[in-house]
file entry_20.csv (CSV, C-alpha atoms)
chain,number,residue,atom,x,y,z
O,362,MET,CA,15.8,-10.8,-15.6
O,363,ARG,CA,17.6,-12.3,-12.7
O,364,TYR,CA,15.9,-12.6,-9.4
O,365,ASN,CA,16.5,-14.2,-6.1
O,366,GLU,CA,14.6,-17.4,-6.7
O,367,ARG,CA,15.8,-18.9,-3.5
O,368,GLU,CA,14.1,-16.3,-1.4
O,369,LEU,CA,11.0,-16.5,-3.4
O,370,LEU,CA,10.9,-20.3,-2.8
O,371,SER,CA,11.4,-19.6,0.8
O,372,LEU,CA,8.5,-17.2,0.8
O,373,ALA,CA,6.4,-19.9,-0.8
O,374,ARG,CA,6.9,-22.0,2.3
O,375,GLN,CA,5.7,-19.2,4.7
O,376,PRO,CA,2.3,-19.4,6.3
O,377,ALA,CA,-0.2,-18.3,3.7
O,378,GLU,CA,-2.9,-15.7,4.0
O,379,LYS,CA,-5.0,-18.1,2.0
O,380,ALA,CA,-4.4,-21.5,0.5
O,381,ALA,CA,-6.7,-24.0,-1.2
O,382,GLU,CA,-6.8,-26.6,-3.9
O,383,ILE,CA,-8.3,-25.0,-6.9
O,384,ARG,CA,-8.4,-25.9,-10.5
O,385,MET,CA,-6.3,-23.6,-12.5
O,386,SER,CA,-5.3,-22.9,-16.1
O,387,VAL,CA,-2.5,-20.8,-17.5
O,388,PRO,CA,-2.8,-18.5,-20.5
O,389,LYS,CA,-1.2,-20.9,-22.9
O,390,LYS,CA,-2.7,-22.4,-26.0
O,391,GLY,CA,-4.5,-25.6,-25.3
O,392,SER,CA,-4.2,-25.1,-21.6
O,393,VAL,CA,-6.7,-27.0,-19.5
O,394,LEU,CA,-7.8,-26.6,-15.9
O,395,LYS,CA,-5.7,-28.7,-13.5
O,396,LYS,CA,-5.9,-29.1,-9.8
O,397,ARG,CA,-3.3,-27.1,-8.1
O,398,LEU,CA,-2.5,-26.0,-4.5
O,399,VAL,CA,-2.8,-22.2,-4.7
O,400,LYS,CA,-1.2,-20.2,-2.0
O,401,LEU,CA,-1.4,-16.5,-1.4
O,402,VAL,CA,1.6,-15.0,0.5
O,403,VAL,CA,2.0,-11.2,0.7
O,404,ASN,CA,1.8,-10.0,-2.9
O,405,PHE,CA,2.6,-13.3,-4.6
O,406,LEU,CA,0.3,-16.1,-5.6
O,407,PHE,CA,2.2,-19.4,-5.7
O,408,TYR,CA,0.8,-22.5,-7.3
O,409,PHE,CA,2.0,-26.1,-6.7
O,410,ARG,CA,1.2,-29.5,-8.0
O,411,THR,CA,-0.8,-30.9,-5.2
O,412,ASP,CA,1.8,-33.4,-4.1
O,413,GLU,CA,4.9,-31.3,-4.5
O,414,ALA,CA,6.8,-29.1,-2.0
O,415,GLU,CA,8.1,-26.6,-4.5
O,416,PRO,CA,5.8,-24.4,-6.5
O,417,ILE,CA,5.6,-24.7,-10.2
O,418,GLY,CA,5.1,-21.0,-10.5
O,419,ALA,CA,4.6,-17.6,-8.9
O,420,LEU,CA,2.5,-14.6,-9.9
O,421,LEU,CA,3.4,-11.1,-8.6
O,422,LEU,CA,0.1,-9.5,-7.9
O,423,GLU,CA,0.9,-5.9,-8.7
O,424,HIS,CA,-1.0,-4.1,-11.5
O,425,CYS,CA,-3.2,-7.1,-12.1
O,426,ARG,CA,-6.9,-7.3,-12.7
O,427,ILE,CA,-9.0,-9.8,-10.7
O,428,THR,CA,-12.2,-10.6,-12.6
O,429,LYS,CA,-15.1,-12.6,-11.5
O,430,GLU,CA,-16.0,-14.7,-14.5
O,431,GLU,CA,-18.8,-17.1,-14.8
O,432,GLU,CA,-20.0,-19.3,-12.0
O,433,ASN,CA,-17.3,-20.3,-9.5
O,434,ILE,CA,-14.6,-18.9,-11.8
O,435,PHE,CA,-12.3,-15.9,-11.4
O,436,SER,CA,-9.4,-14.8,-13.5
O,437,ILE,CA,-6.2,-12.9,-13.0
O,438,SER,CA,-4.7,-10.9,-15.9
O,439,PHE,CA,-2.1,-8.2,-16.0
O,440,ILE,CA,-2.4,-4.6,-17.1
O,441,GLU,CA,-0.2,-4.8,-20.1
O,442,GLU,CA,-1.7,-8.1,-21.4
O,443,PRO,CA,-5.4,-8.1,-20.4
O,444,GLU,CA,-6.3,-11.0,-22.7
O,445,ARG,CA,-3.8,-13.4,-21.2
O,446,LYS,CA,-5.8,-14.8,-18.3
O,447,TYR,CA,-5.0,-17.2,-15.5
O,448,CYS,CA,-8.3,-18.9,-14.7
O,449,PHE,CA,-9.3,-20.4,-11.4
O,450,GLU,CA,-12.3,-22.7,-10.9
O,451,CYS,CA,-13.4,-22.7,-7.3
O,452,ALA,CA,-15.5,-25.3,-5.5
O,453,SER,CA,-18.2,-22.9,-4.7
O,454,GLU,CA,-19.4,-19.4,-5.4
O,455,GLN,CA,-18.5,-18.4,-1.9
O,456,GLN,CA,-15.0,-19.6,-2.2
O,457,CYS,CA,-14.7,-17.7,-5.4
O,458,GLN,CA,-15.9,-14.4,-3.9
O,459,GLU,CA,-13.5,-14.9,-1.0
O,460,TRP,CA,-10.6,-15.3,-3.3
O,461,VAL,CA,-11.5,-12.4,-5.4
O,462,GLU,CA,-11.7,-10.1,-2.4
O,463,ALA,CA,-8.5,-11.4,-0.9
O,464,LEU,CA,-6.6,-11.1,-4.2
O,465,LYS,CA,-7.9,-7.5,-4.8
O,466,ARG,CA,-6.2,-6.5,-1.6
O,467,ALA,CA,-3.1,-8.5,-2.0
O,468,SER,CA,-1.0,-5.8,-3.6
O,469,TYR,CA,1.5,-3.4,-2.2
O,470,GLU,CA,-0.2,-0.7,-4.2
O,471,PHE,CA,-3.5,-1.4,-2.5
O,472,LEU,CA,-1.8,-1.2,0.9
O,473,ARG,CA,-0.2,2.1,-0.1
O,474,ARG,CA,-3.5,3.6,-1.1
O,475,SER,CA,-5.2,2.3,2.0
O,476,LEU,CA,-2.5,3.9,4.2
O,477,ILE,CA,-2.8,7.2,2.5
O,478,PHE,CA,-6.6,7.1,2.8
O,479,TYR,CA,-6.6,6.2,6.5
O,480,ARG,CA,-3.9,8.7,7.3
O,481,ASN,CA,-5.9,11.5,5.7
O,482,GLU,CA,-9.1,10.5,7.4
O,483,ILE,CA,-7.5,10.3,10.8
O,484,GLN,CA,-5.7,13.6,10.3
O,485,LYS,CA,-9.0,15.3,9.4
O,486,MET,CA,-10.8,13.8,12.4
O,487,THR,CA,-8.2,14.2,15.1
O,488,GLY,CA,-5.8,16.8,13.7
O,489,LYS,CA,-2.9,14.5,14.3
O,490,ASP,CA,-0.8,12.7,11.7
O,491,PRO,CA,-0.9,9.1,12.8
O,492,LEU,CA,2.4,8.3,10.9
O,493,GLU,CA,4.4,10.6,13.1
O,494,GLN,CA,4.8,7.9,15.8
O,495,TYR,CA,6.4,5.6,13.2
O,496,GLY,CA,8.7,8.3,12.0
O,497,ILE,CA,7.6,7.8,8.4
O,498,SER,CA,5.4,10.8,7.9
O,499,GLU,CA,7.9,12.4,5.5
O,500,GLU,CA,8.3,9.4,3.2
O,501,ALA,CA,7.4,10.2,-0.3
O,502,ARG,CA,5.4,7.0,-0.8
O,503,PHE,CA,2.8,8.1,1.8
O,504,GLN,CA,2.1,11.6,0.5
O,505,LEU,CA,-1.2,12.5,-0.9
O,506,GLY,CA,-1.1,13.5,-4.5
O,507,THR,CA,1.4,12.5,-7.1
O,508,HIS,CA,5.0,12.2,-6.2
O,509,ARG,CA,8.0,12.1,-8.4
O,510,GLN,CA,10.0,9.1,-9.2
J,470,MET,CA,9.9,-22.0,-10.8
J,471,LYS,CA,8.1,-19.8,-13.3
J,472,LEU,CA,7.5,-16.2,-12.6
J,473,ASN,CA,5.3,-13.8,-14.6
J,474,GLU,CA,8.5,-12.0,-15.6
J,475,ARG,CA,7.0,-9.9,-18.3
J,476,SER,CA,4.5,-8.4,-16.0
J,477,VAL,CA,7.0,-8.0,-13.3
J,478,ALA,CA,9.4,-6.1,-15.7
J,479,HIS,CA,6.4,-4.0,-16.8
J,480,TYR,CA,5.7,-3.1,-13.2
J,481,ALA,CA,9.3,-2.1,-12.8
J,482,THR,CA,9.3,0.3,-15.7
J,483,CYS,CA,5.7,1.6,-15.7
J,484,ASP,CA,5.1,5.1,-14.2
J,485,SER,CA,3.7,4.0,-10.9
J,486,PRO,CA,5.7,5.9,-8.3
J,487,ALA,CA,9.0,4.4,-7.0
J,488,ASP,CA,9.6,4.5,-3.3
J,489,HIS,CA,13.2,5.2,-3.8
J,490,ALA,CA,15.7,5.3,-6.7
J,491,GLY,CA,19.3,6.0,-7.3
J,492,PHE,CA,22.7,4.7,-8.4
J,493,LEU,CA,24.3,2.1,-6.3
J,494,ARG,CA,27.4,0.0,-6.8
J,495,LYS,CA,26.6,-3.6,-6.5
J,496,ARG,CA,29.3,-6.1,-5.5
J,497,VAL,CA,29.8,-8.9,-7.9
J,498,GLU,CA,30.3,-12.2,-6.2
J,499,ARG,CA,32.7,-14.2,-8.2
J,500,HIS,CA,34.1,-17.5,-7.4
J,501,HIS,CA,37.6,-18.2,-8.4
J,502,HIS,CA,38.1,-21.9,-8.4
J,503,HIS,CA,41.8,-21.7,-8.3
J,504,ALA,CA,42.1,-19.0,-5.7
J,505,HIS,CA,40.9,-19.1,-2.2
J,506,HIS,CA,39.3,-15.7,-2.1
J,507,TYR,CA,36.4,-14.0,-3.8
J,508,GLY,CA,37.4,-11.3,-6.3
J,509,THR,CA,35.8,-8.1,-5.3
J,510,SER,CA,34.5,-5.9,-8.0
J,511,TYR,CA,31.5,-3.6,-8.2
J,512,GLN,CA,29.1,-2.7,-10.9
J,513,ARG,CA,27.2,0.6,-11.0
J,514,ARG,CA,23.5,0.1,-11.5
J,515,TRP,CA,20.4,2.2,-11.4
J,516,PHE,CA,18.2,0.9,-8.5
J,517,VAL,CA,14.5,1.3,-8.2
J,518,LEU,CA,12.5,0.3,-5.1
J,519,LYS,CA,8.8,-0.3,-5.6
J,520,GLY,CA,7.1,-1.8,-2.6
J,521,ASN,CA,8.9,-5.0,-1.5
J,522,LEU,CA,10.8,-5.2,-4.8
J,523,LEU,CA,14.2,-3.8,-5.6
J,524,PHE,CA,14.9,-3.7,-9.3
J,525,TYR,CA,18.2,-2.8,-10.9
J,526,PHE,CA,18.9,-1.6,-14.4
J,527,GLU,CA,22.1,-1.3,-16.3
J,528,GLU,CA,21.4,2.3,-17.1
J,529,ARG,CA,18.9,4.8,-15.8
J,530,GLU,CA,17.2,4.8,-19.2
J,531,SER,CA,17.2,1.1,-19.7
J,532,ARG,CA,13.8,-0.2,-20.7
J,533,GLU,CA,14.1,-3.5,-18.8
J,534,PRO,CA,15.5,-4.4,-15.4
J,535,VAL,CA,18.6,-6.5,-15.4
J,536,GLY,CA,17.6,-8.0,-12.1
J,537,LEU,CA,15.2,-8.1,-9.1
J,538,VAL,CA,15.7,-8.6,-5.4
J,539,VAL,CA,12.5,-9.7,-3.7
J,540,LEU,CA,12.9,-8.0,-0.3
J,541,GLU,CA,10.3,-9.8,1.8
J,542,GLY,CA,11.9,-11.2,4.9
J,543,CYS,CA,15.3,-9.5,4.5
J,544,THR,CA,17.3,-7.6,6.9
J,545,VAL,CA,19.4,-4.6,6.0
J,546,GLU,CA,22.6,-3.8,7.8
J,547,LEU,CA,25.6,-1.6,7.4
J,548,CYS,CA,28.5,-3.7,6.6
J,549,GLU,CA,32.2,-3.7,7.3
J,550,ALA,CA,33.2,-4.0,3.7
J,551,ALA,CA,36.4,-2.4,2.6
J,552,GLU,CA,34.1,0.2,0.9
J,553,GLU,CA,32.8,3.2,2.6
J,554,PHE,CA,29.0,3.7,2.6
J,555,ALA,CA,28.4,0.0,2.1
J,556,PHE,CA,25.3,-1.9,3.3
J,557,ALA,CA,24.0,-5.4,2.8
J,558,ILE,CA,20.7,-7.0,2.2
J,559,ARG,CA,20.6,-10.4,3.9
J,560,PHE,CA,18.2,-13.2,4.2
J,561,ASP,CA,17.5,-15.7,6.9
J,562,ASP,CA,18.3,-18.6,4.7
J,563,ALA,CA,21.7,-20.0,5.8
J,564,GLY,CA,23.1,-20.5,2.4
J,565,ALA,CA,21.8,-17.3,0.9
J,566,ARG,CA,24.2,-14.8,-0.4
J,567,ALA,CA,24.0,-11.2,0.7
J,568,TYR,CA,23.6,-8.3,-1.7
J,569,VAL,CA,26.3,-5.8,-0.9
J,570,LEU,CA,25.6,-2.4,-2.1
J,571,VAL,CA,27.6,0.8,-2.0
J,572,ALA,CA,26.0,4.3,-2.0
J,573,ASP,CA,27.6,7.5,-3.1
J,574,GLY,CA,27.7,9.1,0.3
J,575,GLN,CA,26.5,9.0,3.9
J,576,ALA,CA,23.2,10.6,3.2
J,577,ALA,CA,22.4,8.3,0.3
J,578,MET,CA,23.4,5.3,2.3
J,579,GLU,CA,21.2,6.2,5.2
J,580,ALA,CA,18.3,7.0,2.9
J,581,TRP,CA,18.6,3.6,1.2
J,582,VAL,CA,18.9,1.7,4.5
J,583,LYS,CA,15.9,3.4,5.8
J,584,ALA,CA,13.8,2.8,2.7
J,585,LEU,CA,14.8,-0.8,2.4
J,586,SER,CA,14.3,-1.7,6.1
J,587,ARG,CA,10.7,-0.6,5.8
J,588,ALA,CA,10.0,-2.1,2.4
J,589,SER,CA,8.3,-5.3,3.4
J,590,PHE,CA,4.7,-6.0,2.7
J,591,ASP,CA,4.4,-7.2,6.2
J,592,TYR,CA,5.5,-3.9,7.6
J,593,MET,CA,3.0,-2.0,5.4
J,594,ARG,CA,0.2,-4.3,6.4
J,595,LEU,CA,1.0,-3.8,10.0
J,596,VAL,CA,0.9,0.0,9.7
J,597,VAL,CA,-2.4,-0.1,7.7
J,598,ARG,CA,-4.0,-2.4,10.3
J,599,GLU,CA,-3.0,0.0,13.0
J,600,LEU,CA,-4.4,3.0,11.2
J,601,GLU,CA,-7.6,1.1,10.4
J,602,LYS,CA,-8.0,0.5,14.1
J,603,GLN,CA,-7.3,4.2,15.0
J,604,LEU,CA,-9.8,5.4,12.4
J,605,GLU,CA,-12.4,3.0,13.7
J,606,GLU,CA,-11.9,4.3,17.2
J,607,ALA,CA,-12.1,7.9,16.0
J,608,CYS,CA,-15.4,7.0,14.3
J,609,LYS,CA,-16.8,5.3,17.4
J,610,SER,CA,-16.2,8.4,19.5
J,611,LEU,CA,-17.9,10.4,16.9
J,612,ALA,CA,-20.9,8.1,16.9
J,613,ALA,CA,-21.0,8.0,20.7
J,614,CYS,CA,-21.2,11.7,21.1
J,615,ARG,CA,-24.8,12.7,21.8
J,616,LYS,CA,-24.8,16.4,22.5
J,617,SER,CA,-23.5,19.2,20.4
J,618,PRO,CA,-21.8,21.9,22.4
J,619,ARG,CA,-24.1,24.7,21.3
J,620,ARG,CA,-23.7,26.8,24.4
J,621,SER,CA,-19.9,27.2,24.3
J,622,SER,CA,-20.3,28.6,20.9
J,623,SER,CA,-17.2,30.6,20.6
J,624,SER,CA,-16.6,31.3,16.9
J,625,GLY,CA,-13.2,29.9,17.4
J,626,ARG,CA,-14.5,26.4,17.5
J,627,LYS,CA,-15.3,26.2,13.9
J,628,ARG,CA,-13.4,23.4,12.4
J,629,HIS,CA,-13.5,22.5,8.8
J,630,LEU,CA,-13.2,18.8,8.6
J,631,SER,CA,-12.2,18.6,5.1
J,632,ASN,CA,-9.6,21.3,5.3
J,633,PRO,CA,-7.8,21.6,8.6
J,634,ALA,CA,-5.6,24.3,7.0
J,635,LEU,CA,-8.5,26.7,7.4
J,636,LEU,CA,-8.4,26.5,11.2
J,637,PRO,CA,-7.3,29.9,12.3
J,638,LEU,CA,-4.1,29.9,14.3
J,639,GLN,CA,-5.3,31.4,17.5
J,640,GLU,CA,-8.1,28.9,17.8
J,641,LYS,CA,-6.0,25.9,17.5
J,642,PRO,CA,-7.5,23.5,20.0
J,643,ALA,CA,-5.3,22.0,22.7
J,644,VAL,CA,-4.6,18.5,21.7
J,645,LEU,CA,-5.3,16.3,24.6
J,646,GLU,CA,-5.7,12.7,25.3
J,647,ASN,CA,-6.3,10.3,22.5
J,648,GLY,CA,-5.4,12.9,20.0
J,649,TYR,CA,-8.8,14.5,20.4
J,650,SER,CA,-9.1,18.2,21.0
J,651,THR,CA,-11.5,19.3,23.7
J,652,TRP,CA,-13.7,22.3,23.8
J,653,GLY,CA,-14.0,24.7,26.6
J,654,SER,CA,-17.0,23.6,28.6
J,655,GLY,CA,-18.3,20.2,28.9
J,656,GLY,CA,-16.1,17.2,28.4
J,657,CYS,CA,-14.5,15.7,25.5
J,658,VAL,CA,-15.7,16.1,22.0
J,659,PRO,CA,-14.1,14.2,19.2
J,660,GLY,CA,-11.9,16.5,17.3
J,661,GLY,CA,-13.6,18.6,14.9
J,662,ALA,CA,-16.9,16.9,14.6
J,663,VAL,CA,-20.3,17.0,16.1
J,664,CYS,CA,-22.8,14.3,15.9
J,665,PRO,CA,-25.3,14.4,13.1
J,666,ASP,CA,-28.5,15.9,14.3
J,667,HIS,CA,-31.7,17.1,12.7
J,668,ASP,CA,-31.1,20.7,11.8
J,669,GLY,CA,-33.5,23.6,11.8
J,670,GLY,CA,-34.1,23.3,8.1
J,671,GLN,CA,-35.6,26.6,7.1
J,672,ALA,CA,-32.4,28.3,6.2
J,673,LYS,CA,-31.3,28.9,2.7
J,674,PRO,CA,-29.3,26.0,1.2
J,675,PRO,CA,-25.8,25.9,2.5
J,676,PRO,CA,-22.8,26.6,0.2
J,677,LEU,CA,-21.0,23.7,-1.2
J,678,PRO,CA,-18.4,22.3,1.2
J,679,PRO,CA,-14.8,23.2,0.3
J,680,ARG,CA,-13.2,20.8,-2.2
J,681,ARG,CA,-11.3,18.2,-0.3
J,682,ARG,CA,-7.8,17.1,-1.2
J,683,SER,CA,-9.3,13.8,-1.5
J,684,ALA,CA,-7.8,10.4,-1.3
J,685,THR,CA,-10.6,9.0,-3.3
J,686,GLY,CA,-10.9,9.2,-7.0
J,687,SER,CA,-7.7,8.8,-9.0
J,688,ALA,CA,-6.1,11.5,-6.9
J,689,THR,CA,-4.3,9.0,-4.8
J,690,GLY,CA,-1.3,9.7,-6.8
J,691,SER,CA,-0.6,6.2,-8.0
J,692,PRO,CA,-2.3,5.6,-11.3
J,693,ALA,CA,-4.2,2.5,-11.0
J,694,PRO,CA,-5.8,1.6,-14.3
J,695,SER,CA,-7.0,-1.7,-12.9
J,696,LEU,CA,-9.4,-0.1,-10.5
J,697,SER,CA,-13.0,0.3,-11.3
J,698,PRO,CA,-14.8,3.5,-10.0
J,699,ALA,CA,-16.7,1.3,-7.5
J,700,MET,CA,-13.5,0.1,-6.0
J,701,LEU,CA,-12.1,3.6,-5.7
J,702,GLU,CA,-15.0,4.5,-3.6
J,703,SER,CA,-14.3,1.7,-1.2
J,704,PRO,CA,-10.6,1.5,-1.1
J,705,VAL,CA,-10.0,-0.2,2.1
J,706,SER,CA,-11.5,-2.2,4.9
J,707,PRO,CA,-14.5,-4.3,4.8
J,708,ASP,CA,-16.3,-1.6,6.7
J,709,THR,CA,-16.0,0.8,4.0
J,710,ILE,CA,-16.4,-1.6,1.2
J,711,CYS,CA,-20.1,-0.8,1.2
J,712,PHE,CA,-20.4,2.5,-0.6
J,713,SER,CA,-23.5,3.4,1.3
J,714,LYS,CA,-21.5,3.3,4.6
J,715,LEU,CA,-18.8,5.4,3.1
J,716,HIS,CA,-21.4,7.7,1.8
J,717,ASN,CA,-23.0,8.0,5.3
J,718,TRP,CA,-19.6,8.6,6.8
J,719,TYR,CA,-18.9,11.6,4.5
J,720,GLY,CA,-22.5,12.6,4.9
J,721,GLN,CA,-21.9,13.2,8.6
J,722,GLU,CA,-19.3,15.7,7.7
J,723,ILE,CA,-21.7,17.5,5.4
J,724,VAL,CA,-24.2,17.7,8.2
J,725,VAL,CA,-21.7,19.3,10.5
J,726,LEU,CA,-20.7,21.8,7.9
J,727,ARG,CA,-24.3,22.7,7.3
J,728,ARG,CA,-24.9,23.2,11.0
J,729,GLU,CA,-21.9,25.4,11.3
J,730,TRP,CA,-23.0,27.5,8.3
J,731,GLN,CA,-26.5,27.8,9.8
J,732,GLU,CA,-25.1,28.9,13.2
J,733,ARG,CA,-23.0,31.5,11.5
J,734,GLN,CA,-26.1,32.7,9.7
J,735,LYS,CA,-28.0,32.9,13.0
J,736,ARG,CA,-25.3,34.9,14.7
J,737,GLY,CA,-25.2,37.2,11.7
J,738,HIS,CA,-28.8,38.0,12.2
J,739,LEU,CA,-28.5,38.8,15.9
call {"tool": "encode", "arguments": {"input": "entry_20.csv", "output": "structure tokens"}}
result
Amino acid sequence: MRYNERELLSLARQPAEKAAEIRMSVPKKGSVLKKRLVKLVVNFLFYFRTDEAEPIGALLLEHCRITKEEENIFSISFIEEPERKYCFECASEQQCQEWVEALKRASYEFLRRSLIFYRNEIQKMTGKDPLEQYGISEEARFQLGTHRQ
Amino acid sequence: MKLNERSVAHYATCDSPADHAGFLRKRVERHHHHAHHYGTSYQRRWFVLKGNLLFYFEERESREPVGLVVLEGCTVELCEAAEEFAFAIRFDDAGARAYVLVADGQAAMEAWVKALSRASFDYMRLVVRELEKQLEEACKSLAACRKSPRRSSSSGRKRHLSNPALLPLQEKPAVLENGYSTWGSGGCVPGGAVCPDHDGGQAKPPPLPPRRRSATGSATGSPAPSLSPAMLESPVSPDTICFSKLHNWYGQEIVVLRREWQERQKRGHL
């Protein structure tokens, strides 16, 4: 699958929502935890060798499962391959919790659900559709209930 | 740079709803070393927009995308290509090529440009934060209200929080400042709600509140198998992440409905 790597690399250089040096392993046989610079930008998690400017890799954070594992460790896996886990060992339990919370909210799907929820609540309380001012109230992606593809 | 391509491709083809989809012709950028111009040809592809990702497939039924355009940070503009209904996705990066796409007609082109211009994660996040604030303010007004307007008890002021569609037409409250509707006598009351209060208590148990078309539970419309039930109950901001808070919030609504039911009962007995 082709993709615009150049733009993705550029995204990796943007200010991050969250960045830290964390020990990380990839779901490959014999993989060990290695110190990486891990950077969360929009719905991508980039990981760098600590002294390099270009990321080794990127994870799109849609349809993923963030799991708190044992102490200081969380993992990321994807819906269609739940056994393949990217593991992250944090410096502290607090750091671990912070990352888990941040990553759970770092998907477009999460934002979409939030928007629908807030819209609905505001509409119920005030009688007004808060999306009207943005001119996006009719967009399919913001409607309650299932919408067709 | 590695990308979790298998998962990305799965996201493209799974049944989570697409924000836009349709056929577009995509300009192929070809370099002719011996000529001083780019050959211009177009390939018809099936495009699917999900969030800030634009996927394209060879055919509508293809099981895997041929390509992906990550849209974050892009601009979308109409372009003066030789083709009618053409638009371009461009990036800031100086050397970056633009994606020139051609729609089937004016309406299709406008729909795509609109959808793509608002596709960024940043934009979504902005809107969500704004709504979060608005909801917080609405709740604060609700909490700040001390008195329930019992005296001005026109039957017309009934307002079902969970189903605004039930509000009878002739009683539609005038929407005034801050999007709140005001009642007849005595100042501003946050639209539709009265503060929780201790009720009389001796009446028969109230009927169940009407079923809400809820945003909670899996009825959000986008199947989200990765969510646990606990997460579904606290979908959003840190304020609601505690289920007991969310529970109290909905509880206020129940109290209001109970009161309205009881007032109706009282009036019925007069």
call {"tool": "closest_residue", "arguments": {"input": "entry_20.csv", "among": "J:Cys483, J:Val571, J:Leu537, J:Leu547", "to": "chain O", "atoms": "all atoms listed in the file"}}
result
J:Leu537
call {"tool": "closest_residue", "arguments": {"input": "entry_20.csv", "among": "J:Glu579, J:Asp488, J:Glu729, J:Glu528", "to": "chain O", "atoms": "all atoms listed in the file"}}
result
J:Asp488
call {"tool": "closest_residue", "arguments": {"input": "entry_20.csv", "among": "O:Thr428, O:Ser453, O:Ser386, O:Thr411", "to": "chain J", "atoms": "all atoms listed in the file"}}
result
O:Thr428
call {"tool": "closest_residue", "arguments": {"input": "entry_20.csv", "among": "J:Leu600, J:Ala550, J:Leu522, J:Leu570", "to": "chain O", "atoms": "only C-alpha atoms"}}
result
J:Leu600
call {"tool": "closest_residue", "arguments": {"input": "entry_20.csv", "among": "O:Lys489, O:Arg445, O:Arg374, O:Arg502", "to": "O:Leu476", "atoms": "only C-alpha atoms"}}
result
O:Arg502
call {"tool": "atom_distance", "arguments": {"input": "entry_20.csv", "atom1": "atom CA of O:Glu500", "atom2": "atom CA of O:Leu406"}}
result
28.1 Å
call {"tool": "atom_distance", "arguments": {"input": "entry_20.csv", "atom1": "atom CA of O:Arg426", "atom2": "atom CA of O:Arg410"}}
result
24.1 Å
call {"tool": "residues_around", "arguments": {"input": "entry_20.csv", "residues": "J:Arg594", "least_positions_apart": "4", "cutoff": "10 Å", "atoms": "all atoms listed in the file", "output": "list in words"}}
result
Val403, Ala467, Tyr469, Leu472, Arg473, Ser475 and Leu476 of chain O; Ser589, Phe590, Arg598, Glu599 and Leu600 of chain J
call {"tool": "closest_residue", "arguments": {"input": "entry_20.csv", "among": "O:Ile483, O:Ile437, O:Ala377, O:Met385", "to": "chain J", "atoms": "only C-alpha atoms"}}
result
O:Ile483
call {"tool": "atom_distance", "arguments": {"input": "entry_20.csv", "atom1": "atom CA of O:Glu423", "atom2": "atom CA of J:Cys543"}}
result
19.9 Å
call {"tool": "closest_atom_pairs", "arguments": {"input": "entry_20.csv", "of": "chain O", "to": "chain J", "cutoff": "6 Å", "atoms": "only C-alpha atoms", "output": "Markdown table"}}
result
| residue | atom | partner | partner_atom | distance |
| --- | --- | --- | --- | --- |
| O:Met362 | CA | J:Gly536 | CA | 4.8 |
| O:Arg363 | CA | J:Gly536 | CA | 4.3 |
| O:Tyr364 | CA | J:Leu537 | CA | 4.6 |
| O:Asn365 | CA | J:Val538 | CA | 5.7 |
| O:Ile417 | CA | J:Met470 | CA | 5.1 |
| O:Gly418 | CA | J:Lys471 | CA | 4.3 |
| O:Ala419 | CA | J:Leu472 | CA | 4.9 |
| O:Leu420 | CA | J:Asn473 | CA | 5.5 |
| O:Arg426 | CA | J:Ser695 | CA | 5.6 |
| O:Tyr469 | CA | J:Gly520 | CA | 5.8 |
| O:Ser475 | CA | J:Val705 | CA | 5.4 |
| O:Leu476 | CA | J:Val597 | CA | 5.3 |
| O:Phe478 | CA | J:Ala684 | CA | 5.4 |
| O:Ile483 | CA | J:Leu604 | CA | 5.6 |
| O:Lys485 | CA | J:Leu630 | CA | 5.5 |
| O:Met486 | CA | J:Gly660 | CA | 5.7 |
| O:Thr487 | CA | J:Gly660 | CA | 4.9 |
| O:Arg502 | CA | J:Asp488 | CA | 5.5 |
| O:Gly506 | CA | J:Gly690 | CA | 4.4 |
| O:Thr507 | CA | J:Gly690 | CA | 3.9 |
| O:Gln510 | CA | J:Ala487 | CA | 5.3 |
call {"tool": "residues_around", "arguments": {"input": "entry_20.csv", "residues": "O:Val402", "least_positions_apart": "4", "cutoff": "8 Å", "atoms": "all atoms listed in the file", "output": "list in words"}}
result
Leu372, Ala373, Gln375, Pro376, Ala377, Glu378, Lys379, Leu406 and Phe407 of chain O
call {"tool": "residues_near_point", "arguments": {"input": "entry_20.csv", "point": "(-15.3, -17.0, -10.0)", "cutoff": "10 Å", "atoms": "only C-alpha atoms", "output": "VMD selection string"}}
result
chain O and resid 427 to 436 448 to 461
call {"tool": "residues_around", "arguments": {"input": "entry_20.csv", "residues": "O:Asp490", "least_positions_apart": "5", "cutoff": "8 Å", "atoms": "all atoms listed in the file", "output": "ChimeraX atom specification"}}
result
/O:480-481,483-484,498
